[in-house]
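**Q** Sharing structure_39.csv (CSV, C-alpha atoms) below.
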```
chain,number,residue,atom,x,y,z
N,74,MET,CA,29.3,-34.8,2.8
N,75,GLY,CA,28.7,-31.7,0.8
N,76,ALA,CA,28.6,-28.3,2.2
N,77,VAL,CA,25.5,-27.4,4.1
N,78,ALA,CA,23.3,-25.1,2.0
N,79,GLN,CA,23.4,-21.6,3.4
N,80,PRO,CA,20.5,-19.2,3.0
N,81,VAL,CA,21.3,-16.5,0.4
N,82,GLU,CA,22.3,-13.4,2.2
N,83,ARG,CA,21.5,-10.0,0.8
N,84,LYS,CA,23.8,-7.1,1.3
N,85,PRO,CA,22.4,-5.5,4.5
N,86,ASP,CA,22.4,-1.9,3.4
N,87,MET,CA,21.4,-2.2,-0.3
N,88,PHE,CA,17.6,-2.1,0.3
N,89,GLY,CA,17.7,-1.6,4.1
N,90,GLN,CA,14.7,-3.0,5.9
N,91,ALA,CA,12.7,-3.5,2.7
N,92,THR,CA,11.3,-7.1,2.5
N,93,ASN,CA,11.7,-9.2,-0.6
N,94,GLY,CA,7.9,-8.8,-1.3
N,95,LYS,CA,8.2,-5.1,-1.2
N,96,ILE,CA,11.2,-5.0,-3.6
N,97,GLY,CA,9.3,-7.4,-5.9
N,98,MET,CA,6.3,-5.0,-5.9
N,99,TRP,CA,8.5,-2.1,-6.7
N,100,VAL,CA,10.0,-3.9,-9.6
N,101,PHE,CA,6.6,-4.9,-10.9
N,102,LEU,CA,5.4,-1.3,-10.6
N,103,ALA,CA,8.4,-0.1,-12.6
N,104,THR,CA,7.6,-2.5,-15.4
N,105,ASP,CA,3.9,-1.5,-15.2
N,106,GLY,CA,5.0,2.1,-15.4
N,107,LEU,CA,6.8,1.3,-18.6
N,108,THR,CA,3.6,-0.2,-20.0
N,109,PHE,CA,1.7,3.0,-19.2
N,110,SER,CA,4.4,5.1,-20.7
N,111,GLY,CA,4.2,3.1,-23.9
N,112,PHE,CA,0.4,3.7,-24.1
N,113,LEU,CA,0.8,7.4,-23.3
N,114,LEU,CA,3.6,7.7,-25.9
N,115,ALA,CA,1.5,6.1,-28.6
N,116,TYR,CA,-1.3,8.4,-27.7
N,117,GLY,CA,1.0,11.4,-27.9
N,118,ILE,CA,2.4,10.4,-31.3
N,119,LEU,CA,-1.0,9.7,-32.8
N,120,ARG,CA,-2.3,13.0,-31.5
N,121,ALA,CA,0.7,15.0,-32.7
N,122,ARG,CA,0.5,13.5,-36.2
N,123,ASN,CA,-3.2,14.2,-36.5
N,124,PRO,CA,-4.3,17.8,-37.4
N,125,ASP,CA,-8.0,16.9,-36.8
N,126,TRP,CA,-7.5,15.8,-33.2
N,127,PRO,CA,-10.4,17.3,-31.2
N,128,ASP,CA,-10.1,19.3,-28.0
N,129,PRO,CA,-10.8,16.7,-25.3
N,130,ASP,CA,-12.7,19.4,-23.3
N,131,HIS,CA,-15.5,19.2,-26.0
N,132,PHE,CA,-16.2,15.5,-25.6
N,133,LEU,CA,-14.9,14.3,-22.2
N,134,GLY,CA,-16.3,15.6,-18.9
N,135,ILE,CA,-13.5,17.2,-16.9
N,136,THR,CA,-15.6,17.9,-13.9
N,137,LEU,CA,-16.6,14.3,-13.5
N,138,SER,CA,-13.1,13.0,-13.9
N,139,ALA,CA,-11.8,15.7,-11.5
N,140,ILE,CA,-14.3,14.3,-8.9
N,141,ALA,CA,-12.9,10.8,-9.7
N,142,THR,CA,-9.4,12.2,-9.2
N,143,PHE,CA,-10.4,13.6,-5.8
N,144,ILE,CA,-11.9,10.2,-4.8
N,145,LEU,CA,-8.7,8.4,-5.7
N,146,ILE,CA,-6.5,10.9,-3.8
N,147,CYS,CA,-8.9,10.5,-0.7
N,148,SER,CA,-8.5,6.7,-1.0
N,149,SER,CA,-4.7,7.1,-1.0
N,150,VAL,CA,-5.0,9.0,2.3
N,151,THR,CA,-7.2,6.3,3.9
N,152,MET,CA,-4.7,3.7,2.7
N,153,VAL,CA,-1.7,5.2,4.4
N,154,LEU,CA,-3.9,5.8,7.5
N,155,SER,CA,-4.9,2.2,7.5
N,156,GLN,CA,-1.3,1.1,7.4
N,157,ALA,CA,-0.3,3.5,10.2
N,158,ALA,CA,-3.2,2.1,12.3
N,159,GLY,CA,-2.0,-1.4,11.6
N,160,GLU,CA,1.5,-0.6,12.7
N,161,GLU,CA,0.1,0.6,16.0
N,162,LYS,CA,-1.9,-2.7,16.3
N,163,LYS,CA,-5.2,-0.8,16.1
N,164,ARG,CA,-7.2,-3.5,14.2
N,165,ASN,CA,-10.6,-1.8,14.1
N,166,GLU,CA,-9.1,1.5,12.9
N,167,MET,CA,-7.1,-0.3,10.2
N,168,LEU,CA,-10.2,-2.2,9.0
N,169,PHE,CA,-12.2,1.0,9.0
N,170,PHE,CA,-9.7,2.9,6.8
N,171,LEU,CA,-9.2,-0.2,4.6
N,172,ALA,CA,-13.0,-0.4,4.0
N,173,LEU,CA,-13.0,3.3,3.1
N,174,THR,CA,-10.2,2.7,0.6
N,175,ILE,CA,-12.1,-0.1,-1.0
N,176,LEU,CA,-15.2,2.1,-1.1
N,177,GLY,CA,-13.2,4.8,-2.9
N,178,GLY,CA,-12.0,2.3,-5.5
N,179,MET,CA,-15.5,1.1,-6.1
N,180,SER,CA,-16.9,4.7,-6.5
N,181,PHE,CA,-14.1,5.3,-9.0
N,182,LEU,CA,-15.2,2.3,-11.0
N,183,GLY,CA,-18.8,3.3,-10.8
N,184,ILE,CA,-18.0,6.8,-12.2
N,185,GLN,CA,-16.0,5.2,-15.0
N,186,ALA,CA,-18.8,2.8,-15.9
N,187,TYR,CA,-21.2,5.8,-16.0
N,188,GLU,CA,-18.8,7.8,-18.1
N,189,TYR,CA,-18.2,5.0,-20.6
N,190,THR,CA,-22.0,4.5,-21.0
N,191,HIS,CA,-22.5,8.2,-21.5
N,192,LEU,CA,-19.7,8.5,-24.0
N,193,ALA,CA,-20.9,5.5,-26.0
N,194,HIS,CA,-24.5,6.8,-26.2
N,195,SER,CA,-24.2,10.6,-26.5
N,196,GLN,CA,-20.8,11.0,-28.1
N,197,GLY,CA,-20.7,8.0,-30.4
N,198,MET,CA,-17.4,6.7,-28.9
N,199,ASN,CA,-16.3,3.1,-28.7
N,200,LEU,CA,-13.0,1.3,-29.0
N,201,TRP,CA,-13.1,1.2,-32.8
N,202,GLU,CA,-15.0,4.3,-33.9
N,203,PHE,CA,-15.8,7.9,-33.1
N,204,THR,CA,-18.7,9.5,-35.1
N,205,LYS,CA,-17.5,13.1,-34.5
N,206,GLY,CA,-13.8,12.9,-35.3
N,207,PRO,CA,-10.8,10.6,-35.8
N,208,PRO,CA,-11.4,7.1,-34.4
N,209,GLN,CA,-7.9,7.2,-32.7
N,210,PHE,CA,-9.3,9.7,-30.3
N,211,ALA,CA,-11.8,7.2,-28.9
N,212,SER,CA,-9.4,4.2,-29.2
N,213,THR,CA,-6.6,5.8,-27.2
N,214,PHE,CA,-9.0,7.1,-24.7
N,215,PHE,CA,-10.6,3.7,-24.0
N,216,VAL,CA,-7.3,1.8,-24.1
N,217,VAL,CA,-5.5,4.1,-21.6
N,218,THR,CA,-8.4,4.7,-19.2
N,219,GLY,CA,-9.6,1.1,-19.6
N,220,PHE,CA,-6.1,-0.3,-18.7
N,221,HIS,CA,-6.1,2.0,-15.7
N,222,GLY,CA,-9.6,1.0,-14.7
N,223,PHE,CA,-8.5,-2.7,-14.9
N,224,HIS,CA,-5.8,-1.8,-12.4
N,225,VAL,CA,-8.4,-0.2,-10.1
N,226,LEU,CA,-10.5,-3.3,-10.3
N,227,SER,CA,-7.5,-5.5,-9.6
N,228,GLY,CA,-6.6,-3.2,-6.7
N,229,VAL,CA,-10.1,-3.4,-5.2
N,230,ILE,CA,-10.0,-7.2,-5.3
N,231,TYR,CA,-6.4,-7.2,-3.9
N,232,LEU,CA,-7.5,-4.8,-1.0
N,233,MET,CA,-10.6,-7.0,-0.3
N,234,THR,CA,-8.3,-10.0,0.1
N,235,ILE,CA,-6.1,-7.9,2.5
N,236,PHE,CA,-9.3,-6.8,4.3
N,237,GLY,CA,-10.3,-10.5,4.8
N,238,ARG,CA,-6.9,-11.3,6.2
N,239,ALA,CA,-6.9,-8.3,8.5
N,240,LEU,CA,-10.4,-9.4,9.7
N,241,ALA,CA,-9.0,-12.8,10.5
N,242,GLY,CA,-6.3,-11.2,12.7
N,243,LYS,CA,-3.3,-11.9,10.5
N,244,TYR,CA,-1.8,-8.4,11.1
N,245,ASP,CA,-2.6,-8.2,14.8
N,246,ASP,CA,1.1,-8.4,15.7
N,247,GLY,CA,1.8,-5.1,14.0
N,248,ASN,CA,3.6,-6.7,11.0
N,249,VAL,CA,1.7,-4.9,8.2
N,250,ASN,CA,4.2,-5.7,5.4
N,251,GLU,CA,1.4,-7.2,3.2
N,252,VAL,CA,-0.8,-4.2,3.8
N,253,GLU,CA,2.1,-1.9,2.9
N,254,ILE,CA,2.8,-3.9,-0.4
N,255,ALA,CA,-0.9,-3.7,-1.3
N,256,GLY,CA,-0.7,0.0,-0.5
N,257,LEU,CA,2.2,0.5,-2.9
N,258,PHE,CA,0.0,-0.9,-5.7
N,259,TRP,CA,-2.9,1.3,-4.7
N,260,HIS,CA,-0.8,4.5,-4.6
N,261,PHE,CA,0.7,3.6,-7.9
N,262,VAL,CA,-2.8,3.4,-9.4
N,263,ASP,CA,-3.5,6.9,-7.9
N,264,LEU,CA,-0.2,8.2,-9.3
N,265,VAL,CA,-0.9,6.9,-12.8
N,266,TRP,CA,-4.4,8.4,-12.7
N,267,ILE,CA,-3.0,11.8,-11.9
N,268,LEU,CA,-0.9,11.6,-15.1
N,269,VAL,CA,-3.7,10.1,-17.2
N,270,PHE,CA,-6.1,12.8,-16.0
N,271,THR,CA,-3.7,15.4,-17.1
N,272,PHE,CA,-2.7,14.0,-20.5
N,273,ILE,CA,-6.0,12.6,-21.7
N,274,TYR,CA,-8.6,15.0,-20.2
N,275,MET,CA,-6.9,18.3,-19.5
N,276,ILE,CA,-4.4,19.0,-22.2
Z,214,MET,CA,-14.3,24.3,11.7
Z,215,GLN,CA,-13.3,24.2,15.4
Z,216,ALA,CA,-13.9,20.4,15.5
Z,217,VAL,CA,-11.7,20.0,12.4
Z,218,ILE,CA,-8.8,22.0,14.0
Z,219,HIS,CA,-9.2,20.1,17.2
Z,220,PHE,CA,-9.1,16.7,15.3
Z,221,PHE,CA,-6.0,17.9,13.5
Z,222,LYS,CA,-4.3,18.8,16.8
Z,223,THR,CA,-4.8,15.3,18.1
Z,224,LEU,CA,-2.9,13.7,15.2
Z,225,ASP,CA,0.7,12.6,15.5
Z,226,ALA,CA,3.5,14.0,13.2
Z,227,LYS,CA,3.2,11.1,10.7
Z,228,ARG,CA,-0.5,11.5,10.2
Z,229,LYS,CA,-0.2,15.3,10.1
Z,230,SER,CA,2.2,15.0,7.2
Z,231,TYR,CA,-0.2,12.7,5.3
Z,232,PHE,CA,-3.0,15.3,5.7
Z,233,TYR,CA,-0.7,18.1,4.6
Z,234,VAL,CA,0.1,16.2,1.5
Z,235,PHE,CA,-3.6,15.5,0.9
Z,236,PHE,CA,-4.3,19.2,1.1
Z,237,GLY,CA,-1.4,19.9,-1.2
Z,238,LEU,CA,-2.7,17.5,-3.8
Z,239,CYS,CA,-6.2,19.0,-3.6
Z,240,VAL,CA,-4.8,22.5,-4.0
Z,241,LEU,CA,-2.7,21.4,-7.0
Z,242,THR,CA,-5.7,19.8,-8.7
Z,243,VAL,CA,-7.8,22.9,-8.3
Z,244,LEU,CA,-4.9,25.0,-9.6
Z,245,GLU,CA,-4.7,22.7,-12.7
Z,246,LEU,CA,-8.3,23.3,-13.4
Z,247,ALA,CA,-7.8,27.0,-12.9
Z,248,PHE,CA,-4.8,27.1,-15.3
Z,249,LEU,CA,-7.2,26.1,-18.1
Z,250,HIS,CA,-8.9,29.5,-17.8
Z,251,LEU,CA,-5.8,31.6,-17.7
Z,252,PRO,CA,-5.3,34.1,-20.6
Z,253,PHE,CA,-2.0,32.5,-21.7
Z,254,SER,CA,-1.1,30.6,-24.9
Z,255,GLN,CA,-2.0,26.9,-25.2
Z,256,THR,CA,1.7,25.9,-24.9
Z,257,VAL,CA,2.3,27.8,-21.7
Z,258,ILE,CA,-0.9,26.4,-20.1
Z,259,THR,CA,0.1,22.9,-21.2
Z,260,ILE,CA,3.5,23.2,-19.6
Z,261,MET,CA,2.1,24.6,-16.4
Z,262,ILE,CA,-0.4,21.7,-16.1
Z,263,CYS,CA,2.3,19.1,-16.9
Z,264,VAL,CA,4.6,20.5,-14.2
Z,265,ALA,CA,1.7,20.6,-11.6
Z,266,SER,CA,0.7,17.0,-12.4
Z,267,LEU,CA,4.3,15.7,-12.3
Z,268,ALA,CA,4.8,17.4,-9.0
Z,269,LYS,CA,1.6,15.6,-7.7
Z,270,ALA,CA,2.9,12.2,-8.9
Z,271,LEU,CA,6.3,12.8,-7.3
Z,272,ILE,CA,4.7,13.8,-4.0
Z,273,VAL,CA,2.5,10.6,-4.0
Z,274,GLY,CA,5.6,8.5,-4.6
Z,275,TRP,CA,7.7,10.3,-2.1
Z,276,VAL,CA,5.3,10.4,0.9
Z,277,TYR,CA,2.5,7.9,0.4
Z,278,MET,CA,4.7,5.2,-1.1
Z,279,HIS,CA,7.3,6.0,1.5
Z,280,LEU,CA,10.2,6.5,-0.9
Z,281,ASN,CA,11.5,9.1,1.6
Z,282,HIS,CA,12.2,6.2,4.0
Z,283,GLU,CA,13.8,3.9,1.4
Z,284,THR,CA,17.5,3.3,0.8
Z,285,LYS,CA,19.6,4.7,-2.0
Z,286,GLY,CA,19.7,1.2,-3.5
Z,287,LEU,CA,16.0,1.0,-4.0
Z,288,LYS,CA,15.8,4.5,-5.5
Z,289,ILE,CA,18.5,3.7,-8.0
Z,290,LEU,CA,16.7,0.4,-8.9
Z,291,LEU,CA,13.6,2.6,-9.7
Z,292,LEU,CA,15.5,5.2,-11.6
Z,293,PHE,CA,16.7,2.6,-14.1
Z,294,PRO,CA,13.3,2.1,-15.8
Z,295,LEU,CA,13.1,5.9,-16.2
Z,296,PHE,CA,16.2,5.7,-18.5
Z,297,VAL,CA,14.6,2.9,-20.4
Z,298,ALA,CA,11.4,4.9,-20.8
Z,299,PHE,CA,13.5,7.9,-22.0
Z,300,PHE,CA,15.1,5.9,-24.8
Z,301,TYR,CA,11.8,4.3,-25.6
Z,302,ALA,CA,10.4,7.7,-26.1
Z,303,VAL,CA,13.3,8.9,-28.2
Z,304,PHE,CA,13.2,5.9,-30.5
Z,305,LEU,CA,9.4,5.9,-30.9
Z,306,ILE,CA,9.2,9.6,-31.7
Z,307,THR,CA,12.1,9.4,-34.1
Z,308,ASP,CA,10.6,6.4,-35.8
Z,309,SER,CA,7.2,8.0,-36.1
Z,310,HIS,CA,8.9,11.0,-37.7
Z,311,LEU,CA,10.9,8.9,-40.2
Z,312,THR,CA,8.0,6.7,-41.3
Z,313,ARG,CA,5.9,9.8,-41.8
Z,314,THR,CA,8.5,11.4,-44.1
Z,315,ARG,CA,9.3,8.3,-46.0
Z,316,HIS,CA,6.2,6.2,-46.6
Z,317,ALA,CA,3.1,6.9,-44.6
Z,318,ASP,CA,2.1,10.4,-45.6
Z,319,PRO,CA,1.5,11.1,-49.3
Z,320,TYR,CA,0.7,14.7,-48.5
Z,321,ILE,CA,4.0,15.5,-46.9
Z,322,GLY,CA,5.6,18.6,-48.4
Z,323,MET,CA,2.3,19.9,-49.9
Z,324,PRO,CA,1.2,23.4,-48.9
Z,325,GLU,CA,-0.7,23.7,-45.7
Z,326,ARG,CA,-4.1,24.5,-47.3
Z,327,THR,CA,-4.3,21.0,-48.9
Z,328,LEU,CA,-4.5,19.5,-45.4
Z,329,GLY,CA,-8.3,19.8,-45.5
Z,330,PRO,CA,-9.2,17.0,-48.0
Z,331,ARG,CA,-6.6,14.8,-46.4
Z,332,SER,CA,-8.5,14.6,-43.2
Z,333,THR,CA,-11.7,13.7,-45.0
Z,334,LEU,CA,-9.8,11.0,-46.9
Z,335,ARG,CA,-8.6,9.5,-43.8
Z,336,PHE,CA,-11.6,9.6,-41.6
Z,337,ALA,CA,-14.5,9.3,-44.0
Z,338,SER,CA,-16.8,6.7,-42.8
```
Let me see the file written as structure tokens.
**A**
Amino acid sequence: MGAVAQPVERKPDMFGQATNGKIGMWVFLATDGLTFSGFLLAYGILRARNPDWPDPDHFLGITLSAIATFILICSSVTMVLSQAAGEEKKRNEMLFFLALTILGGMSFLGIQAYEYTHLAHSQGMNLWEFTKGPPQFASTFFVVTGFHGFHVLSGVIYLMTIFGRALAGKYDDGNVNEVEIAGLFWHFVDLVWILVFTFIYMI
Amino acid sequence: MQAVIHFFKTLDAKRKSYFYVFFGLCVLTVLELAFLHLPFSQTVITIMICVASLAKALIVGWVYMHLNHETKGLKILLLFPLFVAFFYAVFLITDSHLTRTRHADPYIGMPERTLGPRSTLRFAS
């Protein structure tokens, strides 16, 4: 008889109480952060090398994107409040805040869709060309904000799944690990937007 | 206003800290927008805005993503990609500089005033 297979034991104090799923999400977010840093670096290099780079303020609406930033920050608050309610086994409160978070994400996507349409029609911007300046200005803008928008869309779908599971009573025992992992992703989307807003719109 | 203060008093310490952070983030965002109108040079304003937004990103990570409750092991795990990103930046920026001086830019070394036609050459539709 061979030795009985033992479950792999983790060093107890390396990651503390963090579950495997949570560590996995953190590792994913680290790699995702590297992708964003690659995009932002490429943007920075293209911009630094181009003397004709326009002032973003002249073409992109800072006010609208500041509102979008505010909405994302609000949705981050509702996300942590939802998790806190789940930990205290307050199902209705958790569902309420989760719904607000999803609504925030959808509003952000709506603002982005409006912004893209506006930029395409009145500023002549699309992924390949820009009628009022270097095409790289439009390309980097759409690649970086589009990649982020895709994350928001994924996040909204992810949170809807979590909402469905919460509605079915999966987290009624106060074990909100899955909500927390989804929350990590959502806060990361917020965090990245804070940086994108600064580098693409404000500077 | 009274109702808001009353609501705030009913919150526990954890929720209070979430709201403090929320107000902090809002204030920093408004400050960033205000920085744009300060009578300083572009470089100073850029640095101020960058510092404010990095502070915002760190606060979100620290409080909302609960990094303040995580172990040293997890924080070290997350610091590693930052080193990768740092070298990534160093190599990409160096590379862009080298390719520019060697091949890509036929106008390199020419006086500044000749930069005009170069832009029309590049971006003429």
**Q** Could you tell me which residues of chain Z sit within 9 Å of chain N when counting all atoms listed in the file, and give me the result as a VMD selection string?
**A** chain Z and resid 227 to 228 231 to 232 234 to 235 238 to 239 242 to 243 245 to 246 249 255 258 to 259 262 to 263 266 to 267 269 to 271 273 to 274 277 to 279 283 to 288 290 to 295 297 to 298 301 to 302 305 to 306 309 to 310 313 328 332 335 to 336 338
**Q** How would you write as a list in words the residues that get within 8 Å of (-3.9, 3.2, -18.7) in the file's frame, counting all atoms listed in the file?
**A** Phe109, Phe112, Leu113, Val216, Val217, Thr218, Gly219, Phe220, His221, Gly222, Val265, Trp266 and Val269 of chain N
**Q** In Å to one decimal, how far is CA of Lys162 in chain N from CA of Thr234 in chain N?
**A**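 Computed distance, CA of Thr234 in chain N to CA of Lys162 in chain N, equals 18.9 Å.
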**Q** Can you tell me, as a VMD selection string, what residues are no more than 12 Å from Ser227 in chain N when counting all atoms listed in the file, ignoring any on the same chain fewer than 2 positions away?
**A** chain N and resid 175 178 to 179 182 220 to 225 229 to 234 255 258 to 259 262
**Q** Can you measure CA of Ile144 in chain N to CA of Gly159 in chain N for me? One decimal in Å is fine.
**A** 22.4 Å
**Q** I'd like the interatomic distance between CA of Ser180 in chain N and CA of Lys95 in chain N, to a tenth of an Å.
**A**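 Computing the Euclidean distance for CA of Ser180 in chain N and CA of Lys95 in chain N yields 27.5 Å.
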**Q** Excluding same-chain residues fewer than 6 positions from range 236-245 of chain N, what lies within 10 Å of it counting only C-alpha atoms, as an NGL selection string?
**A** :N and (159-165 or 167-169 or 171-172 or 175 or 230 or 251-252)
**Q** Which is closer to Leu241 in chain Z than all the others in Z:Leu224, Z:Ile260, Z:Val303, Z:Ala268, using all atoms listed in the file?
**A**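 Smallest distance to Leu241 in chain Z is found for Z:Ala268.
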